[in-house]
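Report on the following structure.
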Amino acid sequence: MSPSSSQPLSSDWFNPHPVGRTPFSKSGKPTILMCPPTYFTVSYAINPWMQEAPPCNEALAQRQWETLYKTILKKAGANVELLTPEPGVPDLVFTANAAFVYNDMAIIAHYKHPERRAEEPICAQWFEEHGFLPVLMPDHVFFEGAGDALIWQDRVFAGYKTRTDIASHSLLTAATDLPVLSMELINDRYYHIDVCLCPLQDGHLIYSPDAFDEYGLAVIEANVPEKKLIPVSAEEAARFACNSVNIGDTVILNQGSGKLVDDLKQRGFQVIEVDLSEFLKAGGSAKCLTLRIA
Ligand code: ARG
């Protein structure tokens with residue numbers, strides 16, 4: 001592990017890189033890492049969505065990804081950096097899992113399923129080449145990056161059990177000084193915390209009550225003021241409503257979550273729906289396809 005950071009905690013998710021020295025943090029713009037879906041398909045099944053998936057339409061996936069990419073770039077006004085796609089690692093497109101990024105540190109994923117482990121050195125190399133300090137988990141500790149660790153205000157909501165080991169949470173704190181709230185994921189369909197919980201600007205929090213046990217729900221309620229809580233229905237959670245990308249006051253999400261869209265608009269967000277049907281077949285949606293790196 002790298003030495004722990006002596007930097008003060010960021011109290012604002014929208015400036016989570018206050019001491020960044022990477023070229024991206026210097027630009028002053030939010031920067032998102034994405035990976036074109038050149039080799040994306042559903043060729044193995046490591047979650048229930050993949051087990052049940054009808055065949056993936058790769059050409060459609062390509063068009064859907066491009067729409068998401070252009071939406072983030074042009075409508076949300078973020079920089080987008082691209083990871084070079086590689087054959088044999090179809091889930092590399094889900095850059096949310098690549099690492100947990102904080103300041104200039106990238107805590108690299110160590111995947112539970114062997115199917116995804118070939119992604120680890122590809123991502124570690126990318127972060128190293130782009131000015132980040134790559135931090136590796138010990139071999140016996142699984143950790144699936146920002147898929148399972150989300151900064152809300154000055155703390156991290158982190159999922160464990162289905163994929164990520166709870167042992168990674170104390171290592172996350174040791175590396176970043178950030179306090180981590182450990183949340184057991186109790187529903188196989190919501191195997192990463194980013195498919196059932198989503199921090200937004202100004203402390204708002206979208207979450208699916210069905211994905212957590214009583215303790216997890218109590219942790220959410222104890223940390224987030226009631227007026228900032230945005231619970232979603234089981235139907236909208238299954239449309240990946242919680243897997244939203246928030247940049248400034250823009251929220252980008254898959255189609256089919258009308259109630260959440262109305263709720264977000266009432267709270268002052270500009271909401272953009274993008275059809276991501278082909279990625280849902282792999283168990284991912286908008287947020288899984290992105291990683292905030294500055
Ligand atoms: N097929 C991928 C997996 O099961 C999907 C990953 C989705 N990523 C995410 N951050 N939730 O690992």
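Each chain in the structure tokens gets a letter, A, B, ..., in the order shown, and its residues are numbered from 1; ligands are numbered from 1 in order too.
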
Proximity of chain A to ligand 1: per-residue shortest pair, 9 Å limit, only C-alpha atoms and all ligand atoms, as a tab-separated table:
residue	atom	partner	partner_atom_place_in_ligand_line	distance
A:Val42	CA	ligand 1	1 (N)	7.7
A:Tyr44	CA	ligand 1	1 (N)	8.4
A:Ala45	CA	ligand 1	1 (N)	7.5
A:Ile46	CA	ligand 1	4 (O)	5.3
A:Asn47	CA	ligand 1	4 (O)	5.3
A:Pro48	CA	ligand 1	4 (O)	8.6
A:Trp49	CA	ligand 1	4 (O)	8.3
A:Met50	CA	ligand 1	1 (N)	7.0
A:Pro90	CA	ligand 1	1 (N)	8.2
A:Asp91	CA	ligand 1	2 (C)	5.5
A:Leu92	CA	ligand 1	2 (C)	8.5
A:Val93	CA	ligand 1	6 (C)	8.6
A:Phe94	CA	ligand 1	8 (N)	5.2
A:Thr95	CA	ligand 1	10 (N)	7.2
A:Ala96	CA	ligand 1	10 (N)	4.7
A:Asn97	CA	ligand 1	10 (N)	5.0
A:Ala98	CA	ligand 1	10 (N)	8.6
A:Tyr111	CA	ligand 1	12 (O)	8.3
A:Lys112	CA	ligand 1	12 (O)	9.0
A:His113	CA	ligand 1	12 (O)	8.0
A:Glu115	CA	ligand 1	12 (O)	8.8
A:Arg116	CA	ligand 1	12 (O)	7.2
A:Glu144	CA	ligand 1	10 (N)	7.8
A:Gly145	CA	ligand 1	10 (N)	7.8
A:Ala146	CA	ligand 1	10 (N)	6.7
A:Gly147	CA	ligand 1	10 (N)	3.7
A:Asp148	CA	ligand 1	10 (N)	7.2
A:Arg163	CA	ligand 1	12 (O)	8.5
A:Tyr190	CA	ligand 1	11 (N)	8.2
A:Tyr191	CA	ligand 1	11 (N)	7.3
A:His192	CA	ligand 1	11 (N)	5.1
A:Ile193	CA	ligand 1	11 (N)	7.2
A:Asp194	CA	ligand 1	11 (N)	5.5
A:Val195	CA	ligand 1	11 (N)	5.6
A:Asn243	CA	ligand 1	11 (N)	7.7
A:Phe279	CA	ligand 1	5 (C)	8.2
A:Leu280	CA	ligand 1	5 (C)	8.5
A:Lys281	CA	ligand 1	1 (N)	8.2
A:Ala282	CA	ligand 1	1 (N)	4.4
A:Gly283	CA	ligand 1	5 (C)	4.8
A:Gly284	CA	ligand 1	7 (C)	4.2
A:Ser285	CA	ligand 1	7 (C)	7.2
A:Lys287	CA	ligand 1	10 (N)	6.8
A:Cys288	CA	ligand 1	10 (N)	3.9
A:Leu289	CA	ligand 1	8 (N)	7.1
A:Thr290	CA	ligand 1	10 (N)	8.3
A:Leu291	CA	ligand 1	10 (N)	8.9

Which of segment 65-256 of chain A end up as alpha helix (DSSP H) when DSSP is run on this backbone - answer as a PyMOL selection string? chain A and resi 65-70+119-129+167-176+214-223+234-237

Test item, strand (DSSP E or B) assignment across segment 53-161 of chain A, answer as a PyMOL selection string: chain A and resi 79-82+99-102+105-108+110+133-136+143+149-152+155-160

Between segment 198-242 of chain A and segment 254-277 of chain A, at 7 Å or less, what are the per-residue closest atom pairs and their distances in Å? Count only C-alpha atoms, order by chain and rising residue number, and return it as CSV.
residue,atom,partner,partner_atom,distance
A:Val232,CA,A:Leu260,CA,6.7
A:Glu236,CA,A:Ser257,CA,5.1
A:Arg239,CA,A:Gly256,CA,6.3
A:Phe240,CA,A:Asn254,CA,6.7
A:Ala241,CA,A:Ser257,CA,6.1

If you keep N, CA and C atoms, can you produce a file of those selected residues as a compact mmCIF listing (two decimals), in the first residue's frame?
# COMPACT_ATOMS: atom_id res chain seq x y z
N VAL A 232 -35.67 4.61 -5.06
CA VAL A 232 -36.34 4.26 -6.33
C VAL A 232 -37.07 2.93 -6.18
N GLU A 236 -37.83 0.55 -11.32
CA GLU A 236 -36.87 1.50 -11.87
C GLU A 236 -35.43 1.08 -11.55
N ARG A 239 -34.24 -1.07 -14.14
CA ARG A 239 -33.89 -0.32 -15.36
C ARG A 239 -32.56 0.42 -15.15
N PHE A 240 -31.87 0.09 -14.07
CA PHE A 240 -30.58 0.68 -13.71
C PHE A 240 -30.68 2.19 -13.42
N ALA A 241 -31.80 2.57 -12.78
CA ALA A 241 -32.00 3.97 -12.39
C ALA A 241 -30.87 4.46 -11.48

Å distance separating atom CA of Tyr102 of chain A from atom CA of Phe127 of chain A, one decimal place: 12.0 Å
